[in-house]
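Engineer: Coordinates in data-v3.txt, compact mmCIF, C-alpha atoms, are listed below.
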# COMPACT_ATOMS: atom_id res chain seq x y z
CA MET A 1 110.78 60.53 117.88
CA SER A 2 110.77 57.19 116.13
CA GLN A 3 107.14 57.75 115.31
CA MET A 4 107.99 61.08 113.73
CA ARG A 5 110.71 59.50 111.67
CA SER A 6 108.42 56.79 110.40
CA THR A 7 105.88 59.45 109.48
CA HIS A 8 108.56 61.30 107.62
CA ASP A 9 109.78 58.20 105.79
CA LYS A 10 106.23 57.42 104.84
CA SER A 11 105.73 60.87 103.43
CA ILE A 12 108.94 60.70 101.39
CA LYS A 13 107.70 57.42 99.99
CA LYS A 14 104.44 59.08 99.06
CA ILE A 15 106.17 61.99 97.37
CA LYS A 16 108.23 59.59 95.33
CA LYS A 17 105.13 57.69 94.36
CA LYS A 18 103.42 60.84 93.18
CA TRP A 19 106.32 62.77 91.68
CA GLY A 20 108.91 60.10 90.89
CA ASN A 21 112.43 60.95 91.88
CA ILE A 22 111.92 64.60 92.74
CA THR A 23 115.54 65.58 92.90
CA LYS A 24 115.92 64.86 89.24
CA VAL A 25 114.25 67.09 86.69
CA ASN A 26 114.50 65.90 83.16
CA GLU A 27 117.32 68.00 81.76
CA MET A 28 116.22 67.34 78.21
CA LYS A 29 112.54 68.11 78.67
CA ILE A 30 111.24 71.60 77.95
CA CYS A 31 107.67 72.85 77.71
CA ILE A 32 106.34 75.33 75.15
CA THR A 33 102.85 76.85 75.11
CA SER A 34 101.40 76.22 71.69
CA THR A 35 98.34 76.89 69.58
CA GLY A 36 98.63 73.47 67.94
CA LYS A 37 99.83 69.93 68.59
CA ASN A 38 103.08 69.81 66.63
CA LEU A 39 106.37 71.64 66.17
CA ASP A 40 105.07 73.65 63.20
CA ALA A 41 102.39 75.32 65.32
CA GLN A 42 102.65 78.88 66.56
CA ILE A 43 103.59 79.62 70.16
CA ASP A 44 100.55 80.56 72.21
CA PRO A 45 101.34 83.93 73.83
CA ARG A 46 99.35 83.00 76.94
CA PHE A 47 100.54 80.63 79.62
CA GLY A 48 97.59 79.65 81.84
CA ARG A 49 95.04 79.73 79.04
CA CYS A 50 97.13 78.43 76.16
CA ALA A 51 95.64 75.75 73.89
CA TYR A 52 98.37 73.09 74.29
CA PHE A 53 101.49 72.37 76.24
CA LEU A 54 104.14 70.76 74.06
CA PHE A 55 106.66 68.80 76.08
CA ILE A 56 109.73 68.45 73.93
CA ASN A 57 112.81 66.35 74.43
CA THR A 58 115.56 68.58 73.10
CA ASP A 59 117.77 65.56 72.41
CA ASP A 60 115.61 63.54 70.07
CA MET A 61 112.91 66.19 69.38
CA ASN A 62 110.26 63.81 70.62
CA VAL A 63 107.04 65.76 71.21
CA GLU A 64 104.20 65.10 73.63
CA ALA A 65 101.22 67.42 73.26
CA ILE A 66 98.92 67.87 76.25
CA SER A 67 95.75 69.87 75.78
CA ASN A 68 95.47 72.53 78.48
CA GLU A 69 92.51 71.73 80.72
CA SER A 70 93.07 74.94 82.64
CA ALA A 71 92.25 77.08 79.58
CA LEU A 72 88.63 77.36 80.67
CA ALA A 73 89.19 77.55 84.43
CA MET A 74 87.10 80.18 86.22
CA GLY A 75 90.12 81.55 88.01
CA GLY A 76 93.65 80.55 88.84
CA ALA A 77 94.28 79.04 85.39
CA GLY A 78 97.96 79.92 85.57
CA ILE A 79 98.38 78.28 88.97
CA GLN A 80 96.71 75.09 87.80
CA ALA A 81 98.71 75.01 84.56
CA ALA A 82 101.98 75.60 86.40
CA GLN A 83 101.31 72.60 88.62
CA ARG A 84 100.71 70.47 85.58
CA VAL A 85 103.98 71.57 84.00
CA ALA A 86 105.73 70.78 87.30
CA GLN A 87 104.21 67.29 87.36
CA GLN A 88 105.77 66.62 83.96
CA LYS A 89 109.15 67.58 85.44
CA ALA A 90 110.04 69.93 82.61
CA LYS A 91 113.20 71.94 83.12
CA CYS A 92 111.98 75.07 81.46
CA ILE A 93 108.85 76.73 80.08
CA ILE A 94 108.86 78.90 76.97
CA THR A 95 105.86 81.16 76.37
CA GLY A 96 104.77 84.66 75.40
CA ASN A 97 103.64 86.13 78.69
CA ILE A 98 103.27 84.97 82.24
CA GLY A 99 101.19 86.27 85.15
CA PRO A 100 102.29 86.72 88.76
CA ASN A 101 100.61 83.66 90.29
CA ALA A 102 101.82 81.27 87.60
CA PHE A 103 105.31 82.70 87.85
CA GLN A 104 105.38 82.22 91.62
CA THR A 105 104.23 78.62 91.26
CA LEU A 106 106.81 77.79 88.58
CA LYS A 107 109.52 79.42 90.65
CA ALA A 108 108.58 77.27 93.63
CA ALA A 109 108.89 74.24 91.35
CA ASN A 110 112.35 75.38 90.17
CA ILE A 111 111.24 75.63 86.57
CA GLU A 112 113.01 78.19 84.40
CA VAL A 113 110.69 80.67 82.71
CA ILE A 114 111.40 82.18 79.31
CA THR A 115 108.93 84.76 77.97
CA GLY A 116 108.51 87.09 75.02
CA VAL A 117 108.96 84.28 72.51
CA SER A 118 106.71 84.10 69.43
CA GLY A 119 106.63 82.36 66.06
CA ARG A 120 106.90 78.65 65.36
CA VAL A 121 107.52 76.20 68.20
CA LYS A 122 110.22 74.52 66.13
CA ASP A 123 112.19 77.76 65.80
CA ALA A 124 111.90 78.44 69.52
CA VAL A 125 113.41 75.03 70.27
CA GLU A 126 116.34 75.81 67.95
CA GLN A 127 116.79 79.19 69.64
CA TYR A 128 116.74 77.49 73.01
CA LYS A 129 119.29 74.91 71.98
CA ALA A 130 121.54 77.66 70.61
CA ASP A 131 121.23 79.31 74.05
CA ASN A 132 119.75 82.48 72.54
CA LEU A 133 116.81 82.73 74.95
CA LYS A 134 117.06 84.57 78.26
CA LYS A 135 115.44 83.58 81.54
CA THR A 136 112.71 85.87 82.93
CA GLU A 137 113.01 86.94 86.54
CA SER A 138 109.47 88.23 87.10
CA ALA A 139 105.92 88.10 85.78
CA THR A 140 105.39 89.97 82.51
CA VAL A 141 101.66 90.69 82.73
CA ASP A 142 98.96 91.15 85.39
CA SER A 143 96.56 88.46 86.53
CA HIS A 144 93.69 87.63 84.13
CA PHE A 145 95.73 88.76 81.11
CA GLY A 146 94.95 85.64 79.09
CA ARG A 147 91.22 86.02 79.62
CA ASP A 148 90.90 88.67 76.96
CA ASP A 149 91.46 86.82 73.73
CA LYS A 150 91.92 89.90 71.55
CA LYS A 151 94.50 91.45 73.82
CA ALA A 152 96.43 88.28 74.41
CA VAL A 153 96.50 86.62 71.03
CA ASN A 154 98.28 89.29 69.06
CA GLY A 155 100.97 87.38 67.26
CA GLY A 156 99.84 83.79 67.31
CA LYS A 157 96.83 82.77 65.31
CA ARG A 158 94.50 80.29 67.01
CA GLN A 159 94.16 77.12 65.03
CA MET B 1 59.65 92.71 106.00
CA ILE B 2 62.72 92.77 103.76
CA ILE B 3 62.59 94.57 100.42
CA SER B 4 65.65 94.30 98.21
CA ILE B 5 66.37 96.70 95.39
CA ALA B 6 68.27 95.31 92.42
CA SER B 7 68.62 96.24 88.78
CA GLY B 8 70.71 94.25 86.38
CA LYS B 9 72.16 97.29 84.66
CA GLY B 10 74.14 99.64 86.86
CA GLY B 11 73.27 103.30 87.23
CA THR B 12 69.53 102.86 86.76
CA GLY B 13 68.58 104.29 90.16
CA LYS B 14 68.72 101.57 92.83
CA THR B 15 70.17 103.91 95.41
CA THR B 16 67.78 106.70 94.38
CA VAL B 17 64.83 104.38 94.99
CA ALA B 18 66.33 102.87 98.17
CA THR B 19 67.11 106.19 99.85
CA ASN B 20 63.91 107.94 98.84
CA LEU B 21 61.79 104.97 99.88
CA ALA B 22 63.65 104.75 103.20
CA LEU B 23 63.15 108.46 103.91
CA SER B 24 59.43 108.27 103.15
CA LEU B 25 58.72 105.59 105.77
CA GLU B 26 59.01 105.18 109.53
CA GLY B 27 60.95 102.46 111.34
CA VAL B 28 63.31 101.69 108.51
CA GLN B 29 66.60 99.88 108.41
CA LEU B 30 68.53 100.66 105.21
CA ILE B 31 71.45 98.42 104.32
CA ASP B 32 73.67 99.33 101.38
CA CYS B 33 74.92 95.96 100.15
CA ASP B 34 76.84 97.38 97.19
CA VAL B 35 80.08 96.90 99.08
CA GLU B 36 82.25 97.65 96.06
CA GLU B 37 80.75 101.12 95.63
CA PRO B 38 78.48 101.98 98.53
CA ASN B 39 76.95 105.37 97.81
CA ALA B 40 73.70 105.54 99.80
CA ASN B 41 75.37 107.57 102.51
CA ILE B 42 76.16 110.34 100.05
CA PHE B 43 72.41 111.02 100.18
CA LEU B 44 71.82 110.24 103.87
CA ASN B 45 74.93 111.71 105.51
CA ALA B 46 74.46 109.44 108.50
CA PRO B 47 77.26 109.95 111.02
CA ILE B 48 79.09 106.64 111.50
CA HIS B 49 79.40 105.53 115.10
CA GLU B 50 80.33 101.88 114.78
CA ARG B 51 82.90 100.12 112.61
CA LYS B 52 83.70 96.44 112.41
CA GLU B 53 86.40 94.75 110.37
CA ILE B 54 85.33 91.72 108.39
CA SER B 55 87.80 88.93 107.94
CA VAL B 56 87.77 85.55 106.24
CA ASP B 57 89.55 82.29 107.03
CA ILE B 58 92.39 81.30 104.75
CA PRO B 59 94.49 78.14 105.01
CA LYS B 60 97.83 78.26 106.78
CA ILE B 61 100.12 75.34 105.98
CA ASP B 62 102.44 73.75 108.48
CA LYS B 63 105.25 72.76 106.12
CA THR B 64 106.81 70.42 108.65
CA LEU B 65 103.68 68.25 108.45
CA CYS B 66 102.88 68.69 104.74
CA ASP B 67 104.19 65.98 102.42
CA PHE B 68 103.09 67.78 99.24
CA CYS B 69 100.62 65.05 98.35
CA GLY B 70 98.54 67.59 96.42
CA LYS B 71 95.12 66.52 97.75
CA CYS B 72 94.27 70.05 98.86
CA SER B 73 95.15 71.66 95.54
CA GLU B 74 93.27 68.97 93.66
CA PHE B 75 90.22 69.67 95.80
CA CYS B 76 90.35 73.47 95.53
CA MET B 77 88.22 74.51 92.57
CA TYR B 78 89.42 78.10 92.87
CA ASN B 79 93.10 77.10 92.55
CA ALA B 80 93.97 78.90 95.75
CA LEU B 81 96.53 76.22 96.60
CA ALA B 82 99.43 75.13 94.41
CA VAL B 83 101.48 72.05 95.18
CA VAL B 84 104.75 71.43 93.35
CA PRO B 85 107.25 68.63 94.16
CA THR B 86 108.87 70.30 97.17
CA ASP B 87 106.69 73.25 98.02
CA ILE B 88 103.13 74.38 98.61
CA LEU B 89 101.79 77.87 97.94
CA VAL B 90 98.64 79.60 99.14
CA PHE B 91 97.01 82.34 97.07
CA PRO B 92 94.81 84.04 99.68
CA GLU B 93 92.98 86.32 97.25
CA LEU B 94 91.62 83.29 95.36
CA CYS B 95 90.43 81.43 98.48
CA HIS B 96 86.67 81.28 99.10
CA SER B 97 87.10 79.97 102.66
CA CYS B 98 85.13 76.78 102.03
CA GLY B 99 87.32 74.76 104.39
CA GLY B 100 87.63 71.78 102.03
CA CYS B 101 91.44 71.73 101.99
CA LYS B 102 91.53 71.16 105.73
CA LEU B 103 89.03 68.30 105.43
CA VAL B 104 90.97 66.45 102.73
CA CYS B 105 94.44 66.97 104.25
CA PRO B 106 95.64 63.55 105.47
CA TRP B 107 98.33 65.07 107.73
CA ASN B 108 96.31 67.72 109.50
CA ALA B 109 98.80 70.28 108.23
CA ILE B 110 96.22 73.01 107.65
CA SER B 111 95.01 75.53 110.19
CA TRP B 112 93.28 78.87 109.73
CA ASP B 113 94.61 82.36 109.38
CA LYS B 114 92.43 85.47 109.38
CA ARG B 115 92.53 87.90 106.51
CA VAL B 116 90.69 91.22 106.64
CA VAL B 117 88.71 91.87 103.44
CA GLY B 118 86.66 94.93 104.39
CA LEU B 119 84.53 96.53 107.05
CA ILE B 120 80.94 97.36 107.88
CA GLU B 121 79.77 100.65 109.31
CA HIS B 122 76.66 101.62 111.22
CA GLY B 123 75.08 105.04 111.58
CA MET B 124 71.77 106.73 112.32
CA ALA B 125 70.14 109.48 110.27
CA ASP B 126 66.83 110.93 111.54
CA GLY B 127 65.72 107.66 113.11
CA LEU B 128 66.88 105.68 110.08
CA ASP B 129 69.01 102.72 111.03
CA PHE B 130 71.76 102.66 108.43
CA TYR B 131 74.44 100.12 107.55
CA HIS B 132 76.86 99.82 104.69
CA GLY B 133 79.85 97.65 103.85
CA LEU B 134 83.17 98.64 102.35
CA LEU B 135 85.20 96.05 100.54
CA ASN B 136 88.92 96.75 100.55
CA VAL B 137 90.26 98.09 97.26
CA GLY B 138 91.54 95.29 95.02
CA GLU B 139 89.63 92.65 96.97
CA ILE B 140 87.25 90.35 95.09
CA GLN B 141 85.46 88.60 97.99
CA ALA B 142 82.35 90.74 98.36
CA ILE B 143 80.21 87.91 99.77
CA PRO B 144 81.66 87.77 103.32
CA VAL B 145 81.06 91.51 103.76
CA ILE B 146 77.50 91.24 102.44
CA LYS B 147 76.87 88.27 104.75
CA ALA B 148 78.12 90.29 107.72
CA LEU B 149 75.76 93.12 106.76
CA LYS B 150 72.80 90.78 106.48
CA ARG B 151 73.47 89.40 109.95
CA ARG B 152 72.58 92.88 111.21
CA ILE B 153 69.05 92.70 109.76
CA THR B 154 66.41 93.58 112.34
CA ARG B 155 63.42 91.56 111.19
CA ASP B 156 60.70 93.65 112.84
CA LYS B 157 61.85 96.78 111.04
CA ARG B 158 61.12 97.72 107.46
CA VAL B 159 64.35 96.50 105.96
CA ILE B 160 65.51 97.92 102.65
CA LEU B 161 68.50 96.25 101.00
CA ASP B 162 70.27 98.23 98.28
CA ALA B 163 71.85 95.48 96.15
CA PRO B 164 74.87 95.74 93.86
CA PRO B 165 74.29 95.94 90.09
CA GLY B 166 74.57 92.93 87.83
CA THR B 167 73.38 89.36 88.28
CA SER B 168 76.43 87.70 89.80
CA CYS B 169 77.12 86.17 93.24
CA PRO B 170 77.07 89.43 95.28
CA VAL B 171 73.62 90.27 93.89
CA ILE B 172 72.29 86.82 94.70
CA GLU B 173 73.76 86.99 98.20
CA ALA B 174 72.16 90.42 98.73
CA VAL B 175 68.65 89.67 97.48
CA ASN B 176 68.34 86.06 98.63
CA GLY B 177 65.87 85.70 101.50
CA SER B 178 64.08 88.98 100.90
CA ASP B 179 60.28 89.07 100.87
CA TYR B 180 60.08 91.25 97.80
CA CYS B 181 62.44 92.57 95.18
CA ILE B 182 62.15 95.86 93.32
CA LEU B 183 63.96 95.86 90.00
CA VAL B 184 64.89 99.36 88.91
CA THR B 185 65.43 99.86 85.22
CA GLU B 186 65.64 102.63 82.66
CA PRO B 187 63.81 102.77 79.33
CA THR B 188 66.80 102.03 77.12
CA PRO B 189 67.86 98.91 75.18
CA PHE B 190 70.64 98.32 77.74
CA GLY B 191 68.20 98.73 80.60
CA LEU B 192 65.86 96.19 79.03
CA HIS B 193 68.61 93.72 78.21
CA ASP B 194 69.92 93.63 81.77
CA LEU B 195 66.42 93.73 83.26
CA LYS B 196 65.66 90.46 81.47
CA LEU B 197 68.74 88.88 83.06
CA ALA B 198 67.77 90.18 86.51
CA VAL B 199 64.20 88.85 86.07
CA GLU B 200 65.62 85.40 85.33
CA VAL B 201 67.65 85.47 88.53
CA ILE B 202 64.81 86.73 90.74
CA ARG B 203 62.39 84.20 89.30
CA TYR B 204 64.90 81.45 89.97
CA LEU B 205 65.15 82.62 93.59
CA LYS B 206 61.33 82.59 93.75
CA ILE B 207 61.10 86.12 95.16
CA PRO B 208 58.00 88.15 94.24
CA PHE B 209 59.05 91.23 92.31
CA GLY B 210 57.99 94.30 90.40
CA VAL B 211 59.67 96.95 88.26
CA ILE B 212 60.29 100.66 88.73
CA ILE B 213 61.10 102.57 85.56
CA ASN B 214 63.42 105.46 86.23
CA ARG B 215 63.97 108.32 83.75
CA ASP B 216 60.58 107.49 82.29
CA GLY B 217 59.51 109.30 79.14
CA ILE B 218 62.66 109.29 77.06
CA GLY B 219 60.87 107.52 74.24
CA TYR B 220 61.75 103.84 74.46
CA ARG B 221 58.62 101.74 74.94
CA LYS B 222 59.99 98.22 74.91
CA VAL B 223 60.56 97.94 78.67
CA GLU B 224 56.84 98.46 79.28
CA ASP B 225 55.94 96.10 76.45
CA TYR B 226 58.21 93.47 77.96
CA CYS B 227 56.71 93.88 81.45
CA GLN B 228 53.21 93.63 80.03
CA LYS B 229 54.05 90.51 78.07
CA GLU B 230 55.72 88.88 81.07
CA LYS B 231 52.94 90.06 83.45
CA ILE B 232 55.43 91.92 85.64
CA PRO B 233 53.82 94.77 87.61
CA ILE B 234 55.24 98.24 86.97
CA LEU B 235 55.23 99.67 90.48
CA MET B 236 56.27 103.23 89.73
CA LYS B 237 57.60 105.48 87.03
CA ILE B 238 60.06 108.20 87.97
CA PRO B 239 60.05 110.82 85.23
CA HIS B 240 63.12 111.95 83.33
CA SER B 241 63.15 115.36 84.97
CA GLU B 242 65.83 117.98 85.24
CA LYS B 243 64.74 118.84 88.77
CA ILE B 244 65.26 115.27 89.99
CA ALA B 245 68.57 114.96 88.15
CA ASN B 246 69.71 118.24 89.69
CA LEU B 247 68.87 117.14 93.22
CA TYR B 248 70.57 113.80 92.62
CA SER B 249 73.74 115.53 91.41
CA ASN B 250 73.79 117.58 94.60
CA GLY B 251 73.38 114.51 96.79
CA ILE B 252 69.85 115.43 97.88
CA PRO B 253 67.16 112.70 98.02
CA PHE B 254 64.36 114.15 95.92
CA VAL B 255 61.57 113.38 98.43
CA THR B 256 62.96 116.12 100.67
CA GLU B 257 62.34 118.76 97.99
CA LEU B 258 59.37 117.19 96.24
CA PRO B 259 57.17 116.11 99.18
CA GLU B 260 54.39 114.75 96.94
CA TRP B 261 56.75 111.85 96.24
CA ARG B 262 56.75 110.81 99.90
CA GLN B 263 53.12 109.75 99.58
CA ARG B 264 53.89 107.90 96.35
CA PHE B 265 56.66 105.95 98.02
CA CYS B 266 54.35 105.20 101.00
CA ASP B 267 51.72 103.92 98.57
CA LEU B 268 54.37 101.85 96.86
CA PHE B 269 55.38 100.32 100.18
CA ASN B 270 51.76 99.56 101.11
CA LYS B 271 51.19 97.95 97.73
CA ILE B 272 54.24 95.74 98.21
CA GLN B 273 53.21 94.87 101.77
CA ALA B 274 49.76 93.83 100.58
CA GLU B 275 51.32 91.76 97.81
CA VAL B 276 53.68 89.99 100.22
CA LYS B 277 50.90 89.22 102.72
CA LYS B 278 48.67 87.72 100.04
Can you give me the file's structure in the form of structure tokens?
Structural biologist:
Amino acid sequence: MSQMRSTHDKSIKKIKKKWGNITKVNEMKICITSTGKNLDAQIDPRFGRCAYFLFINTDDMNVEAISNESALAMGGAGIQAAQRVAQQKAKCIITGNIGPNAFQTLKAANIEVITGVSGRVKDAVEQYKADNLKKTESATVDSHFGRDDKKAVNGGKRQ
Amino acid sequence: MIISIASGKGGTGKTTVATNLALSLEGVQLIDCDVEEPNANIFLNAPIHERKEISVDIPKIDKTLCDFCGKCSEFCMYNALAVVPTDILVFPELCHSCGGCKLVCPWNAISWDKRVVGLIEHGMADGLDFYHGLLNVGEIQAIPVIKALKRRITRDKRVILDAPPGTSCPVIEAVNGSDYCILVTEPTPFGLHDLKLAVEVIRYLKIPFGVIINRDGIGYRKVEDYCQKEKIPILMKIPHSEKIANLYSNGIPFVTELPEWRQRFCDLFNKIQAEVKK
């Protein structure tokens, strides 16, 4: 029994080392899929294969742009991207569309998903702050949606 | 001896060649490796008397042991595992059953579950030993089913493998290890384009090969020019004939109605055998 407990304590320690304090998501931090690196860029309608993830602090509008390494993944891009968003401890993700696997992963990480948003990133943040955006309860597209550039990138121009 | 029949482009006549060649010879084992759309049995009508389900191993996580360290998901290049701060998810349809996640797991939290992906069937038609595989609808893992089929190869028979179209993993799995490969093409720009891709693959696998031109005589010469330039033997030309097309559409292998073709397929086989023994 004591051995089990020590194993458990050890594992909690490890989780904390990897994830920080996991019980606390950053309430101010949201993530938006973007075609460019700043707030004036257009929202990328794809999640797993978007160009950039913009992590935005809604308090001070501080922006951190992370280029999406999963964009060229052979398969499971959405799953990989969702894990990355979870590692950043964002509270919410705003994008155009989301596939079933990515949605499942984000849900497991307790990240709110908002879809169907297009236009400038800056405007989406304002909409979010004004509480005008609604949470999505399920995936909006099938797997592999973001693979077809023409189909996926309808609104947002790639920069 | 194992002869595989591949094509590059789909619909050029792999199954036509495979079934007609098989029916022209004695002591043949025909294996339809196009597990996504097996259609050789439409022409053979072999009664099926054996079925076997094919399953693959997928990871099963013991969440009481897992500490969500993320080593498994980092390792998995197919993203079949997702680790988030307090949960781990398995996406079975993405898993390639490599076993790596279990090796890297520091807590021994991973064991194996079985997942059925398809089945293989065996039948006999006039002394012809016939196998084909059927991948479940929506499934993407063709390789395990093709591997299971190839384990049934009887080496001392004349083995004919009907490969899937294209040049991707299932094709490589099907043709790899064969003594000779027949590439079936059609005299069209598409046929030529995909033939070139298939030639690259077969050369890479170092399998001796030759080309059969199906629907020959429709006026496009560049396939022959290409073969000549690349010194690829043209083993046979099957003419663009209404009679053959008609028989095909009715599910009848044309050697049964046009017996002169039996001899041509026998000659073809002998030519290949001589080439392999060289």
Engineer: Taking (113.0, 67.5, 72.5) in the file's coordinates as the center, which residues reach within 10 Å of it, counting all atoms listed in the file, put as a list in words?
Structural biologist: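 The residues near that point, listed by chain and number, are Met28, Lys29, Ile30, Cys31, Leu54, Phe55, Ile56, Asn57, Thr58, Asp59, Asp60, Met61, Asn62, Val63, Glu64, Lys122, Val125 and Lys129 of chain A.
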Engineer: Could you dump the residues just selected with C-alpha atoms as a PDB file, in the frame of the given file?
Structural biologist:
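Wrote it out as out.pdb, contents follow:
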ATOM      1  CA  MET A  28     116.220  67.340  78.210  1.00  0.00           C
ATOM      2  CA  LYS A  29     112.540  68.110  78.670  1.00  0.00           C
ATOM      3  CA  ILE A  30     111.240  71.600  77.950  1.00  0.00           C
ATOM      4  CA  CYS A  31     107.670  72.850  77.710  1.00  0.00           C
ATOM      5  CA  LEU A  54     104.140  70.760  74.060  1.00  0.00           C
ATOM      6  CA  PHE A  55     106.660  68.800  76.080  1.00  0.00           C
ATOM      7  CA  ILE A  56     109.730  68.450  73.930  1.00  0.00           C
ATOM      8  CA  ASN A  57     112.810  66.350  74.430  1.00  0.00           C
ATOM      9  CA  THR A  58     115.560  68.580  73.100  1.00  0.00           C
ATOM     10  CA  ASP A  59     117.770  65.560  72.410  1.00  0.00           C
ATOM     11  CA  ASP A  60     115.610  63.540  70.070  1.00  0.00           C
ATOM     12  CA  MET A  61     112.910  66.190  69.380  1.00  0.00           C
ATOM     13  CA  ASN A  62     110.260  63.810  70.620  1.00  0.00           C
ATOM     14  CA  VAL A  63     107.040  65.760  71.210  1.00  0.00           C
ATOM     15  CA  GLU A  64     104.200  65.100  73.630  1.00  0.00           C
ATOM     16  CA  LYS A 122     110.220  74.520  66.130  1.00  0.00           C
ATOM     17  CA  VAL A 125     113.410  75.030  70.270  1.00  0.00           C
ATOM     18  CA  LYS A 129     119.290  74.910  71.980  1.00  0.00           C
TER      19      LYS A 129
END
Engineer: Taking all atoms listed in the file into account, what are the residues of chain B at most 8 Å from chain A, put as a PyMOL selection string?
Structural biologist: chain B and resi 67-69+78-80+82-89+91+94
Engineer: Kindly give the distance, in Å, that separates CA of Asp156 (chain B) and CA of Ile143 (chain B), rounded to a single decimal.
Structural biologist: 24.2 Å
Engineer: Grab the CA of Glu257 (chain B) to CA of Gln273 (chain B) distance for me, in Å with one decimal place.
Structural biologist: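 Computed distance, CA of Glu257 (chain B) to CA of Gln273 (chain B), equals 25.9 Å.
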Engineer: To one decimal in Å, tell me the separation between CA of Cys266 (chain B) and CA of Ile182 (chain B).
Structural biologist: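 Taking CA of Cys266 (chain B) and CA of Ile182 (chain B), their separation equals 14.4 Å.
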Engineer: Which protein, DNA or RNA residues are at most 10 Å from (75.9, 87.6, 98.6) in the file's coordinates when you count only C-alpha atoms, listed as a PyMOL selection string?
Structural biologist: chain B and resi 33-34+141-150+163-164+168-176
